[in-house]
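Student: Structure file input.cif (mmCIF, C-alpha atoms) right here:
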data_start
#
loop_
_atom_site.group_PDB
_atom_site.id
_atom_site.type_symbol
_atom_site.label_atom_id
_atom_site.label_comp_id
_atom_site.auth_asym_id
_atom_site.auth_seq_id
_atom_site.Cartn_x
_atom_site.Cartn_y
_atom_site.Cartn_z
ATOM 1 C CA MET Q 1 50.419 -19.432 23.791
ATOM 2 C CA THR Q 2 53.915 -18.239 22.878
ATOM 3 C CA ASN Q 3 55.752 -19.676 19.925
ATOM 4 C CA PRO Q 4 58.856 -21.748 20.688
ATOM 5 C CA THR Q 5 62.310 -20.537 19.704
ATOM 6 C CA PHE Q 6 63.651 -22.574 16.807
ATOM 7 C CA ASN Q 7 67.159 -23.387 15.706
ATOM 8 C CA VAL Q 8 68.230 -20.410 13.623
ATOM 9 C CA LEU Q 9 68.033 -20.980 9.885
ATOM 10 C CA PRO Q 10 70.634 -19.927 7.334
ATOM 11 C CA SER Q 11 70.290 -16.407 5.984
ATOM 12 C CA GLU Q 12 68.403 -17.322 2.792
ATOM 13 C CA PRO Q 13 64.837 -16.797 4.106
ATOM 14 C CA LEU Q 14 65.785 -13.428 5.594
ATOM 15 C CA ASP Q 15 67.467 -12.423 2.341
ATOM 16 C CA ALA Q 16 64.352 -13.475 0.447
ATOM 17 C CA TYR Q 17 62.226 -11.508 2.900
ATOM 18 C CA ARG Q 18 64.288 -8.370 2.287
ATOM 19 C CA ARG Q 19 63.906 -8.779 -1.459
ATOM 20 C CA LEU Q 20 60.163 -9.260 -1.108
ATOM 21 C CA TYR Q 21 59.378 -6.528 1.410
ATOM 22 C CA GLU Q 22 62.256 -4.087 1.549
ATOM 23 C CA GLU Q 23 63.419 -3.876 -2.044
ATOM 24 C CA THR Q 24 60.013 -3.599 -3.692
ATOM 25 C CA ASP Q 25 58.575 -0.210 -4.634
ATOM 26 C CA LEU Q 26 54.856 -0.380 -3.919
ATOM 27 C CA PRO Q 27 53.135 2.950 -4.557
ATOM 28 C CA LEU Q 28 49.730 3.279 -2.947
ATOM 29 C CA ASN Q 29 47.101 4.147 -5.532
ATOM 30 C CA VAL Q 30 44.070 6.186 -4.524
ATOM 31 C CA GLU Q 31 41.217 6.676 -6.992
ATOM 32 C CA ARG Q 32 38.310 9.118 -6.869
ATOM 33 C CA LEU Q 33 34.859 7.543 -6.883
ATOM 34 C CA GLU Q 34 32.200 9.417 -8.820
ATOM 35 C CA HIS Q 35 28.507 8.781 -8.224
ATOM 36 C CA ALA Q 36 25.348 10.843 -8.418
ATOM 37 C CA LEU Q 37 24.577 9.984 -4.803
ATOM 38 C CA PHE Q 38 27.879 11.468 -3.650
ATOM 39 C CA LEU Q 39 27.133 14.687 -5.505
ATOM 40 C CA LYS Q 40 23.675 14.815 -3.986
ATOM 41 C CA LYS Q 41 25.027 14.300 -0.471
ATOM 42 C CA ARG Q 42 28.067 16.558 -1.104
ATOM 43 C CA LEU Q 43 30.653 13.952 -0.209
ATOM 44 C CA SER Q 44 34.181 13.436 -1.516
ATOM 45 C CA VAL Q 45 34.844 9.685 -1.761
ATOM 46 C CA CYS Q 46 37.911 7.744 -2.837
ATOM 47 C CA VAL Q 47 39.054 4.139 -2.770
ATOM 48 C CA VAL Q 48 42.484 3.043 -1.541
ATOM 49 C CA ARG Q 49 43.553 0.338 -3.973
ATOM 50 C CA VAL Q 50 45.365 -1.963 -1.564
ATOM 51 C CA ASP Q 51 44.291 -4.773 -3.902
ATOM 52 C CA GLN Q 52 46.975 -3.525 -6.310
ATOM 53 C CA VAL Q 53 49.863 -3.813 -3.845
ATOM 54 C CA HIS Q 54 50.746 -7.383 -4.826
ATOM 55 C CA PRO Q 55 49.084 -9.870 -7.201
ATOM 56 C CA GLN Q 56 49.181 -12.818 -4.775
ATOM 57 C CA ILE Q 57 49.872 -11.485 -1.270
ATOM 58 C CA SER Q 58 46.652 -9.655 -1.750
ATOM 59 C CA GLY Q 59 45.622 -6.347 -0.257
ATOM 60 C CA ASN Q 60 45.676 -6.047 3.515
ATOM 61 C CA LYS Q 61 47.390 -9.448 3.768
ATOM 62 C CA TRP Q 62 50.618 -7.849 2.511
ATOM 63 C CA PHE Q 63 50.669 -5.562 5.551
ATOM 64 C CA LYS Q 64 49.306 -8.086 8.073
ATOM 65 C CA LEU Q 65 51.925 -10.687 7.154
ATOM 66 C CA LYS Q 66 54.872 -8.302 6.897
ATOM 67 C CA TYR Q 67 56.138 -8.364 10.486
ATOM 68 C CA ASN Q 68 54.700 -11.786 11.341
ATOM 69 C CA LEU Q 69 56.847 -13.320 8.590
ATOM 70 C CA LYS Q 70 59.907 -11.393 9.735
ATOM 71 C CA ALA Q 71 59.416 -12.523 13.340
ATOM 72 C CA ALA Q 72 59.052 -16.159 12.271
ATOM 73 C CA ILE Q 73 62.262 -16.012 10.223
ATOM 74 C CA GLU Q 74 64.219 -14.230 12.954
ATOM 75 C CA GLN Q 75 63.121 -16.897 15.440
ATOM 76 C CA GLY Q 76 64.459 -19.554 13.091
ATOM 77 C CA ALA Q 77 61.146 -21.097 12.104
ATOM 78 C CA SER Q 78 61.139 -23.204 8.960
ATOM 79 C CA CYS Q 79 57.344 -23.616 8.912
ATOM 80 C CA ILE Q 80 54.368 -21.347 9.561
ATOM 81 C CA ILE Q 81 51.038 -22.760 10.734
ATOM 82 C CA SER Q 82 47.806 -20.805 10.473
ATOM 83 C CA PHE Q 83 44.036 -21.127 10.229
ATOM 84 C CA GLY Q 84 41.168 -20.323 7.878
ATOM 85 C CA GLY Q 85 38.166 -21.486 5.943
ATOM 86 C CA ALA Q 86 38.190 -23.219 2.589
ATOM 87 C CA TYR Q 87 38.172 -19.863 0.775
ATOM 88 C CA SER Q 88 40.554 -18.090 3.144
ATOM 89 C CA ASN Q 89 42.339 -15.119 1.562
ATOM 90 C CA HIS Q 90 44.765 -15.297 4.468
ATOM 91 C CA LEU Q 91 45.834 -18.903 3.841
ATOM 92 C CA HIS Q 92 46.085 -18.201 0.113
ATOM 93 C CA ALA Q 93 48.406 -15.225 0.677
ATOM 94 C CA LEU Q 94 50.396 -17.024 3.374
ATOM 95 C CA ALA Q 95 51.013 -20.029 1.134
ATOM 96 C CA TYR Q 96 52.432 -17.827 -1.605
ATOM 97 C CA ALA Q 97 54.539 -15.756 0.795
ATOM 98 C CA CYS Q 98 56.064 -18.881 2.343
ATOM 99 C CA HIS Q 99 56.738 -20.236 -1.150
ATOM 100 C CA CYS Q 100 58.647 -17.028 -1.961
ATOM 101 C CA LEU Q 101 60.617 -17.187 1.289
ATOM 102 C CA GLY Q 102 61.545 -20.863 1.155
ATOM 103 C CA LEU Q 103 59.407 -21.696 4.210
ATOM 104 C CA HIS Q 104 57.045 -24.603 4.725
ATOM 105 C CA SER Q 105 53.435 -23.826 5.576
ATOM 106 C CA VAL Q 106 50.477 -25.644 7.088
ATOM 107 C CA GLY Q 107 46.886 -24.479 6.750
ATOM 108 C CA VAL Q 108 44.448 -25.716 9.386
ATOM 109 C CA VAL Q 109 41.209 -25.551 7.408
ATOM 110 C CA ARG Q 110 37.703 -25.385 8.857
ATOM 111 C CA GLY Q 111 35.325 -28.076 7.572
ATOM 112 C CA GLU Q 112 35.377 -31.293 5.610
ATOM 113 C CA PRO Q 113 38.164 -31.919 3.066
ATOM 114 C CA VAL Q 114 37.398 -30.138 -0.206
ATOM 115 C CA ASP Q 115 39.161 -28.949 -3.333
ATOM 116 C CA ASN Q 116 38.592 -25.483 -4.732
ATOM 117 C CA PRO Q 117 40.703 -23.000 -6.715
ATOM 118 C CA MET Q 118 41.965 -21.277 -3.555
ATOM 119 C CA LEU Q 119 43.162 -24.483 -1.905
ATOM 120 C CA ILE Q 120 44.555 -25.843 -5.162
ATOM 121 C CA ASP Q 121 46.707 -22.707 -5.383
ATOM 122 C CA ALA Q 122 47.822 -23.078 -1.765
ATOM 123 C CA LYS Q 123 48.848 -26.699 -2.290
ATOM 124 C CA ALA Q 124 50.694 -25.815 -5.490
ATOM 125 C CA TRP Q 125 52.727 -23.316 -3.445
ATOM 126 C CA GLY Q 126 53.623 -26.046 -0.958
ATOM 127 C CA MET Q 127 51.059 -25.589 1.814
ATOM 128 C CA ARG Q 128 50.008 -28.781 3.607
ATOM 129 C CA LEU Q 129 46.315 -28.719 4.487
ATOM 130 C CA HIS Q 130 44.972 -30.149 7.737
ATOM 131 C CA PHE Q 131 41.171 -30.210 7.825
ATOM 132 C CA VAL Q 132 39.311 -30.120 11.140
ATOM 133 C CA ASN Q 133 35.609 -30.150 11.907
ATOM 134 C CA ARG Q 134 33.904 -26.941 12.977
ATOM 135 C CA GLU Q 135 33.776 -27.936 16.631
ATOM 136 C CA THR Q 136 37.522 -28.522 16.715
ATOM 137 C CA TYR Q 137 38.173 -25.336 14.749
ATOM 138 C CA ARG Q 138 36.562 -23.291 17.520
ATOM 139 C CA LEU Q 139 39.511 -24.308 19.710
ATOM 140 C CA ARG Q 140 42.016 -22.502 17.454
ATOM 141 C CA ALA Q 141 42.829 -19.886 20.114
ATOM 142 C CA GLU Q 142 42.828 -22.262 23.104
ATOM 143 C CA PRO Q 143 46.348 -22.720 24.553
ATOM 144 C CA ALA Q 144 45.865 -26.405 25.364
ATOM 145 C CA TRP Q 145 44.780 -27.258 21.830
ATOM 146 C CA LEU Q 146 47.537 -25.124 20.285
ATOM 147 C CA ASN Q 147 50.124 -26.847 22.458
ATOM 148 C CA ALA Q 148 48.925 -30.203 21.121
ATOM 149 C CA LEU Q 149 48.753 -29.050 17.491
ATOM 150 C CA PRO Q 150 52.438 -29.783 16.651
ATOM 151 C CA SER Q 151 51.827 -33.453 17.391
ATOM 152 C CA LEU Q 152 49.337 -33.405 14.500
ATOM 153 C CA VAL Q 153 51.015 -31.139 11.955
ATOM 154 C CA GLY Q 154 54.617 -30.744 13.109
ATOM 155 C CA ASP Q 155 56.464 -27.822 14.679
ATOM 156 C CA GLY Q 156 56.027 -24.334 13.333
ATOM 157 C CA PHE Q 157 55.467 -20.668 14.053
ATOM 158 C CA ILE Q 158 51.763 -20.414 14.888
ATOM 159 C CA LEU Q 159 50.028 -17.434 13.326
ATOM 160 C CA PRO Q 160 46.464 -16.574 14.438
ATOM 161 C CA GLU Q 161 43.516 -16.757 12.071
ATOM 162 C CA GLY Q 162 43.642 -13.961 9.537
ATOM 163 C CA GLY Q 163 47.175 -13.148 10.655
ATOM 164 C CA SER Q 164 45.645 -10.852 13.269
ATOM 165 C CA SER Q 165 48.238 -10.143 15.940
ATOM 166 C CA ALA Q 166 50.121 -7.217 17.422
ATOM 167 C CA LEU Q 167 52.588 -7.580 14.539
ATOM 168 C CA ALA Q 168 49.736 -7.334 12.049
ATOM 169 C CA VAL Q 169 48.624 -4.107 13.740
ATOM 170 C CA LYS Q 170 52.134 -2.731 13.207
ATOM 171 C CA GLY Q 171 52.062 -3.570 9.498
ATOM 172 C CA VAL Q 172 48.590 -2.178 8.843
ATOM 173 C CA GLY Q 173 49.507 0.885 10.892
ATOM 174 C CA GLU Q 174 52.083 1.606 8.192
ATOM 175 C CA LEU Q 175 49.324 1.345 5.591
ATOM 176 C CA MET Q 176 47.292 3.959 7.466
ATOM 177 C CA GLN Q 177 50.338 6.223 7.596
ATOM 178 C CA GLN Q 178 50.621 5.936 3.814
ATOM 179 C CA ILE Q 179 46.945 6.760 3.442
ATOM 180 C CA ASN Q 180 47.419 9.815 5.663
ATOM 181 C CA THR Q 181 50.296 10.944 3.451
ATOM 182 C CA VAL Q 182 48.332 10.577 0.200
ATOM 183 C CA GLU Q 183 45.033 11.868 1.645
ATOM 184 C CA PRO Q 184 45.946 14.023 4.661
ATOM 185 C CA ALA Q 185 42.506 15.522 5.338
ATOM 186 C CA LEU Q 186 40.253 12.468 5.557
ATOM 187 C CA ASP Q 187 37.295 12.508 7.911
ATOM 188 C CA TYR Q 188 36.509 8.776 7.614
ATOM 189 C CA VAL Q 189 38.264 5.591 6.558
ATOM 190 C CA VAL Q 190 35.946 2.604 6.060
ATOM 191 C CA CYS Q 191 36.992 -1.038 5.751
ATOM 192 C CA ALA Q 192 35.484 -4.510 5.834
ATOM 193 C CA CYS Q 193 36.270 -6.625 8.925
ATOM 194 C CA GLY Q 194 36.844 -10.316 9.523
ATOM 195 C CA THR Q 195 39.102 -10.938 12.509
ATOM 196 C CA GLY Q 196 39.641 -7.235 13.297
ATOM 197 C CA GLY Q 197 43.379 -7.043 12.631
ATOM 198 C CA THR Q 198 43.080 -4.624 9.734
ATOM 199 C CA LEU Q 199 40.688 -2.389 11.645
ATOM 200 C CA ALA Q 200 43.009 -2.311 14.665
ATOM 201 C CA GLY Q 201 45.982 -1.470 12.457
ATOM 202 C CA LEU Q 202 44.175 1.405 10.774
ATOM 203 C CA VAL Q 203 42.997 2.740 14.138
ATOM 204 C CA SER Q 204 46.508 2.568 15.585
ATOM 205 C CA THR Q 205 47.814 5.403 13.377
ATOM 206 C CA ALA Q 206 44.620 7.093 12.169
ATOM 207 C CA ALA Q 207 45.106 10.266 14.249
ATOM 208 C CA LYS Q 208 41.973 12.414 13.789
ATOM 209 C CA THR Q 209 40.393 10.264 11.091
ATOM 210 C CA VAL Q 210 37.380 8.213 12.229
ATOM 211 C CA VAL Q 211 37.815 4.549 11.271
ATOM 212 C CA GLN Q 212 34.665 2.554 10.575
ATOM 213 C CA GLY Q 213 34.701 -1.225 10.384
ATOM 214 C CA ILE Q 214 31.973 -3.172 8.609
ATOM 215 C CA PRO Q 215 32.102 -6.790 9.824
ATOM 216 C CA VAL Q 216 31.170 -9.429 7.272
ATOM 217 C CA LEU Q 217 30.191 -11.874 10.037
ATOM 218 C CA LYS Q 218 26.756 -11.998 11.600
ATOM 219 C CA GLY Q 219 26.687 -11.135 15.300
ATOM 220 C CA ALA Q 220 30.161 -9.609 15.222
ATOM 221 C CA GLY Q 221 29.785 -7.419 18.291
ATOM 222 C CA PHE Q 222 32.595 -9.465 19.853
ATOM 223 C CA LEU Q 223 34.997 -7.575 17.577
ATOM 224 C CA HIS Q 224 34.765 -4.598 19.940
ATOM 225 C CA ASP Q 225 36.718 -6.649 22.490
ATOM 226 C CA ASP Q 226 38.992 -8.292 19.907
ATOM 227 C CA VAL Q 227 40.038 -4.992 18.347
ATOM 228 C CA SER Q 228 40.565 -3.435 21.775
ATOM 229 C CA ALA Q 229 42.746 -6.414 22.751
ATOM 230 C CA LEU Q 230 44.843 -6.056 19.598
ATOM 231 C CA LEU Q 231 45.337 -2.354 20.257
ATOM 232 C CA LEU Q 232 46.370 -3.142 23.831
ATOM 233 C CA ALA Q 233 48.788 -5.878 22.746
ATOM 234 C CA SER Q 234 50.405 -3.554 20.207
ATOM 235 C CA GLY Q 235 50.808 -0.664 22.647
ATOM 236 C CA HIS Q 236 48.048 1.509 21.167
ATOM 237 C CA GLU Q 237 45.426 1.222 23.902
ATOM 238 C CA GLN Q 238 45.684 4.971 24.534
ATOM 239 C CA THR Q 239 45.220 5.959 20.895
ATOM 240 C CA ALA Q 240 43.173 9.088 20.361
ATOM 241 C CA SER Q 241 41.714 7.670 17.151
ATOM 242 C CA LYS Q 242 37.957 7.208 17.062
ATOM 243 C CA TRP Q 243 36.608 3.953 15.692
ATOM 244 C CA GLU Q 244 33.294 2.162 15.417
ATOM 245 C CA LEU Q 245 31.651 -0.965 14.049
ATOM 246 C CA ASP Q 246 28.612 -1.055 11.787
ATOM 247 C CA LEU Q 247 27.002 -4.444 12.376
ATOM 248 C CA PHE Q 248 24.494 -4.248 9.521
ATOM 249 C CA GLY Q 249 26.717 -5.117 6.573
ATOM 250 C CA HIS Q 250 26.943 -8.894 6.885
ATOM 251 C CA TYR Q 251 23.954 -9.617 4.597
ATOM 252 C CA GLY Q 252 23.258 -12.998 6.134
ATOM 253 C CA GLY Q 253 26.663 -13.899 7.528
ATOM 254 C CA TYR Q 254 30.200 -14.817 6.554
ATOM 255 C CA GLY Q 255 30.469 -16.237 3.056
ATOM 256 C CA LYS Q 256 26.746 -15.711 2.387
ATOM 257 C CA MET Q 257 26.237 -14.565 -1.194
ATOM 258 C CA ASN Q 258 22.737 -15.053 -2.564
ATOM 259 C CA ALA Q 259 21.602 -13.921 -6.013
ATOM 260 C CA GLU Q 260 20.607 -10.494 -4.717
ATOM 261 C CA HIS Q 261 24.036 -9.856 -3.225
ATOM 262 C CA ILE Q 262 25.830 -10.926 -6.398
ATOM 263 C CA ALA Q 263 23.561 -8.662 -8.468
ATOM 264 C CA VAL Q 264 24.302 -5.709 -6.169
ATOM 265 C CA MET Q 265 28.019 -6.457 -6.342
ATOM 266 C CA LYS Q 266 28.010 -6.486 -10.142
ATOM 267 C CA GLN Q 267 26.082 -3.213 -10.249
ATOM 268 C CA LEU Q 268 28.603 -1.614 -7.897
ATOM 269 C CA GLU Q 269 31.429 -2.887 -10.091
ATOM 270 C CA ASP Q 270 29.784 -1.271 -13.099
ATOM 271 C CA ASP Q 271 29.170 1.977 -11.204
ATOM 272 C CA PHE Q 272 32.780 2.324 -10.065
ATOM 273 C CA SER Q 273 34.681 0.447 -12.797
ATOM 274 C CA LEU Q 274 36.514 -1.897 -10.442
ATOM 275 C CA PHE Q 275 36.280 -5.500 -9.312
ATOM 276 C CA LEU Q 276 35.098 -6.506 -5.844
ATOM 277 C CA ASP Q 277 35.174 -9.786 -3.964
ATOM 278 C CA PRO Q 278 31.790 -11.087 -2.766
ATOM 279 C CA VAL Q 279 32.775 -11.789 0.860
ATOM 280 C CA TYR Q 280 34.489 -8.568 1.945
ATOM 281 C CA THR Q 281 34.697 -5.610 -0.410
ATOM 282 C CA ALA Q 282 31.283 -6.091 -2.021
ATOM 283 C CA LYS Q 283 29.725 -5.942 1.441
ATOM 284 C CA LEU Q 284 31.856 -2.917 2.290
ATOM 285 C CA PHE Q 285 30.698 -0.983 -0.784
ATOM 286 C CA ARG Q 286 27.083 -2.142 -0.455
ATOM 287 C CA ARG Q 287 26.787 -1.088 3.168
ATOM 288 C CA PHE Q 288 28.631 2.169 2.531
ATOM 289 C CA MET Q 289 26.137 3.160 -0.161
ATOM 290 C CA GLU Q 290 23.283 2.425 2.251
ATOM 291 C CA LYS Q 291 24.940 4.588 4.899
ATOM 292 C CA VAL Q 292 25.348 7.434 2.417
ATOM 293 C CA GLU Q 293 21.698 7.126 1.430
ATOM 294 C CA ASN Q 294 20.778 7.262 5.140
ATOM 295 C CA ASP Q 295 22.758 10.505 5.649
ATOM 296 C CA ASP Q 296 25.238 8.889 8.026
ATOM 297 C CA TYR Q 297 27.996 11.256 6.854
ATOM 298 C CA PRO Q 298 27.866 15.043 7.246
ATOM 299 C CA GLU Q 299 27.953 17.164 4.105
ATOM 300 C CA GLY Q 300 31.480 17.946 3.019
ATOM 301 C CA SER Q 301 32.958 14.755 4.503
ATOM 302 C CA ARG Q 302 36.076 13.307 2.892
ATOM 303 C CA ILE Q 303 35.885 9.506 2.951
ATOM 304 C CA ALA Q 304 38.204 6.694 1.861
ATOM 305 C CA LEU Q 305 37.114 3.096 1.348
ATOM 306 C CA VAL Q 306 39.883 0.513 1.735
ATOM 307 C CA HIS Q 307 39.848 -2.121 -1.005
ATOM 308 C CA THR Q 308 41.461 -5.021 0.843
ATOM 309 C CA GLY Q 309 41.884 -7.287 -2.188
ATOM 310 C CA GLY Q 310 40.873 -10.934 -2.110
ATOM 311 C CA LEU Q 311 39.811 -10.855 -5.753
ATOM 312 C CA GLN Q 312 40.889 -14.466 -6.240
ATOM 313 C CA GLY Q 313 37.770 -15.264 -4.191
ATOM 314 C CA ARG Q 314 35.624 -14.189 -7.141
ATOM 315 C CA ARG Q 315 36.262 -17.674 -8.486
ATOM 316 C CA SER Q 316 33.741 -18.940 -5.935
ATOM 317 C CA ILE Q 317 30.870 -17.387 -7.909
ATOM 318 C CA THR Q 318 31.777 -18.536 -11.421
#
What does the file become when written as structure tokens?

Tutor:
Amino acid sequence: MTNPTFNVLPSEPLDAYRRLYEETDLPLNVERLEHALFLKKRLSVCVVRVDQVHPQISGNKWFKLKYNLKAAIEQGASCIISFGGAYSNHLHALAYACHCLGLHSVGVVRGEPVDNPMLIDAKAWGMRLHFVNRETYRLRAEPAWLNALPSLVGDGFILPEGGSSALAVKGVGELMQQINTVEPALDYVVCACGTGGTLAGLVSTAAKTVVQGIPVLKGAGFLHDDVSALLLASGHEQTASKWELDLFGHYGGYGKMNAEHIAVMKQLEDDFSLFLDPVYTAKLFRRFMEKVENDDYPEGSRIALVHTGGLQGRRSIT
């Protein structure tokens, strides 16, 4: 489905966009990670603190939304519609961004109506929530259902789940370029994966660095095709970058966080003196440590883990 062209808005949203994205100095912080296991395996490991880029438009969402928001404003949209679960980092970040830009927003939320800290935030920032059952939610990429969606929620610029689009690839590609500048000799970059947009963006400009994605969903082999499609749509199908998926870091599936996983997460936080979110970055760090233990990386490798933010999701475990 292609978004309709809207009547062009006054300049205020574009001015607000420029203030938010083009007049903000956002240095990319990279921190060394020290651990006895890294010494034993002779690895140099760092973490890219994308979680520090913005307090609300958290982590990778800053980069994934950047050009999607600009496109919506330039097309004259006054509302952005997107999709996610009840604890969606994407909807949380989108709600705040639209609040800053003077845009309306609608979140199509998977599951029965609920209240939680994430959705309370989104509503406070002006997002209207439209709950749909899981069967209906599976139609979120079907053109016929998307064409009918405005009759339920009103007109708006429709943004895919997770913000994952060719424009998201462009934004995250800029993140990878920044990483290359700060750490020019990396052998591996490792990130958690949901919809694949962040992975595709990193791959698009990774050059000789191998990009590894660790999906947090069970049975996420379909991401091979989704990431390839995003690279094709963004003009990077011929990229020389090598990338791969590790399908063993879901620990039961999306949003699964039993007592063992929470205990491992808290130990990792103590080991590295940083906070993780239970759904994405805790699984990233947990699986990475297992891979190091299993000698998946050659001695001397230089590795960066991408901390994609989402720390507001920690409220789900308190």

Student: At a cut-off of 6 Å from (29.6, -13.3, -3.3) in the coordinates of the file, what residues are picked up using only C-alpha atoms, written as a PDB file with C-alpha atoms, keeping the file's coordinate frame?

Tutor:
ATOM      1  CA  MET Q 257      26.237 -14.565  -1.194  1.00  0.00           C
ATOM      2  CA  ILE Q 262      25.830 -10.926  -6.398  1.00  0.00           C
ATOM      3  CA  PRO Q 278      31.790 -11.087  -2.766  1.00  0.00           C
ATOM      4  CA  VAL Q 279      32.775 -11.789   0.860  1.00  0.00           C
TER       5      VAL Q 279
END

Student: Just want the 8 Å neighbourhood of range 89-105 of chain Q, counted on all atoms listed in the file, with same-chain residues fewer than 6 positions away dropped. Output as a PyMOL selection string.

Tutor: chain Q and resi 12-14+16-17+20+56-58+61-62+65+78-83+118-119+121-123+125-128+161-163+310+312-313

Student: Quick one: everything within 8 Å of range 286-289 of chain Q, counting all atoms listed in the file, minus sequence neighbours fewer than 3 positions away in the same chain. Send it as an MDAnalysis selection string.

Tutor: chainID Q and resid 214 248:249 264:265 268 282:283 292:293

Student: I'd like to know which of Q:Leu217, Q:Ala206, Q:Ala144, Q:Ala86 is closest to Asn116 in chain Q, using only C-alpha atoms.

Tutor: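 Between Q:Leu217, Q:Ala206, Q:Ala144, Q:Ala86, the residue approaching Asn116 in chain Q most closely is Q:Ala86.
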
Student: Report the residues retrieved by the PyMOL selection byres ((chain Q and resi 308) around 8) from the displayed file, expressed as number ranges by chain.

Tutor: Q: 49-51, 58-61, 191-192, 280-281, 306-307, 309-310

Student: Within 9 Å of Gly201 in chain Q, counting only C-alpha atoms, which residues qualify if same-chain residues fewer than 4 places away don't, as a list in words?

Tutor: Lys64, Ala166, Ala168, Val169, Lys170, Gly171, Val172, Gly173, Glu174, Leu175, Met176, Gly196, Gly197, Thr205, Ala206, Leu230 and Leu231 of chain Q

Student: Could you name the residues that touch Lys41 in chain Q at 12 Å or less, counting all atoms listed in the file, but leaving out those on the same chain fewer than 2 positions away, as a list in words?

Tutor: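 The filter keeps His35, Ala36, Leu37, Phe38, Leu39, Leu43, Ser44, Val45, Met289, Lys291, Val292, Glu293, Asn294, Asp295, Asp296, Tyr297, Pro298, Glu299, Gly300, Ser301 and Arg302 of chain Q.
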
Student: Go ahead and write the residues just picked, C-alpha atoms, as a JSON list (two decimals), in the frame of the given file.

Tutor:
[["chain", "number", "residue", "atom", "x", "y", "z"],
["Q", 35, "HIS", "CA", 28.51, 8.78, -8.22],
["Q", 36, "ALA", "CA", 25.35, 10.84, -8.42],
["Q", 37, "LEU", "CA", 24.58, 9.98, -4.80],
["Q", 38, "PHE", "CA", 27.88, 11.47, -3.65],
["Q", 39, "LEU", "CA", 27.13, 14.69, -5.50],
["Q", 43, "LEU", "CA", 30.65, 13.95, -0.21],
["Q", 44, "SER", "CA", 34.18, 13.44, -1.52],
["Q", 45, "VAL", "CA", 34.84, 9.68, -1.76],
["Q", 289, "MET", "CA", 26.14, 3.16, -0.16],
["Q", 291, "LYS", "CA", 24.94, 4.59, 4.90],
["Q", 292, "VAL", "CA", 25.35, 7.43, 2.42],
["Q", 293, "GLU", "CA", 21.70, 7.13, 1.43],
["Q", 294, "ASN", "CA", 20.78, 7.26, 5.14],
["Q", 295, "ASP", "CA", 22.76, 10.50, 5.65],
["Q", 296, "ASP", "CA", 25.24, 8.89, 8.03],
["Q", 297, "TYR", "CA", 28.00, 11.26, 6.85],
["Q", 298, "PRO", "CA", 27.87, 15.04, 7.25],
["Q", 299, "GLU", "CA", 27.95, 17.16, 4.11],
["Q", 300, "GLY", "CA", 31.48, 17.95, 3.02],
["Q", 301, "SER", "CA", 32.96, 14.76, 4.50],
["Q", 302, "ARG", "CA", 36.08, 13.31, 2.89]]

Student: List, as a list of chain:residue names, every residue that the PyMOL selection byres ((chain Q and resi 239) around 9) selects in the file provided.

Tutor: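 Applying the expression gives Q:Val203, Q:Ser204, Q:Thr205, Q:Ala206, Q:Ala207, Q:Leu231, Q:Gly235, Q:His236, Q:Glu237, Q:Gln238, Q:Ala240, Q:Ser241, Q:Lys242.
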
Student: Would you compute the distance between CA of Asn29 in chain Q and CA of Leu245 in chain Q? Give it in Å to one decimal.

Tutor: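 Atom-to-atom, CA of Asn29 in chain Q to CA of Leu245 in chain Q, that is 25.5 Å.
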
Student: In Å, rounded to a single decimal, give me how far CA of Val211 in chain Q is from CA of Tyr188 in chain Q.

Tutor: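 If I compute the distance from CA of Tyr188 in chain Q to CA of Val211 in chain Q, I get 5.7 Å.
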
Student: What is the CA of Leu159 in chain Q to CA of Val210 in chain Q distance in Å?

Tutor: 28.6 Å

Student: So which one's closest to Gln52 in chain Q, Q:Ala124, Q:Leu274, Q:Phe285, Q:Lys266? Using all atoms listed in the file, please.

Tutor: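 Ranking Q:Ala124, Q:Leu274, Q:Phe285, Q:Lys266 by distance to Gln52 in chain Q, first place goes to Q:Leu274.
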
Student: Would you write out, as a PyMOL selection string, every residue that the PyMOL selection byres ((chain Q and resi 77) around 7) captures in this file?

Tutor: chain Q and resi 6+72-73+75-76+78-79+156-157

Student: When distances are computed from all atoms listed in the file, which of Q:Leu202, Q:Leu69, Q:Leu139, Q:Ala229 shows the smallest separation from Ile179 in chain Q?

Tutor: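 Using all atoms listed in the file, Ile179 in chain Q sits closest to Q:Leu202.
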
Student: As lines of an AutoDock Vina configuration file, what would the box around range 134-141 of chain Q look like: edges along x, y and z, 6 Å added on every side, centre and edge lengths in Å to one decimal?

Tutor:
center_x = 38.3
center_y = -24.2
center_z = 16.5
size_x = 21.1
size_y = 20.6
size_z = 19.1

Student: Would you mind putting N, CA and C atoms back on range 132-136 of chain Q and writing the result as a PDB file, keeping the file's coordinate frame?

Tutor:
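File written: result-v2.pdb
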ATOM      1  N   VAL Q 132      39.902 -29.791   9.840  1.00  0.00           N
ATOM      2  CA  VAL Q 132      39.311 -30.120  11.140  1.00  0.00           C
ATOM      3  C   VAL Q 132      37.829 -29.756  11.101  1.00  0.00           C
ATOM      4  N   ASN Q 133      37.030 -30.471  11.891  1.00  0.00           N
ATOM      5  CA  ASN Q 133      35.609 -30.150  11.907  1.00  0.00           C
ATOM      6  C   ASN Q 133      35.385 -28.814  12.616  1.00  0.00           C
ATOM      7  N   ARG Q 134      34.186 -28.290  12.476  1.00  0.00           N
ATOM      8  CA  ARG Q 134      33.904 -26.941  12.977  1.00  0.00           C
ATOM      9  C   ARG Q 134      34.024 -26.856  14.496  1.00  0.00           C
ATOM     10  N   GLU Q 135      33.660 -27.927  15.173  1.00  0.00           N
ATOM     11  CA  GLU Q 135      33.776 -27.936  16.631  1.00  0.00           C
ATOM     12  C   GLU Q 135      35.236 -27.820  17.056  1.00  0.00           C
ATOM     13  N   THR Q 136      36.095 -28.582  16.404  1.00  0.00           N
ATOM     14  CA  THR Q 136      37.522 -28.522  16.715  1.00  0.00           C
ATOM     15  C   THR Q 136      38.097 -27.160  16.335  1.00  0.00           C
TER      16      THR Q 136
END
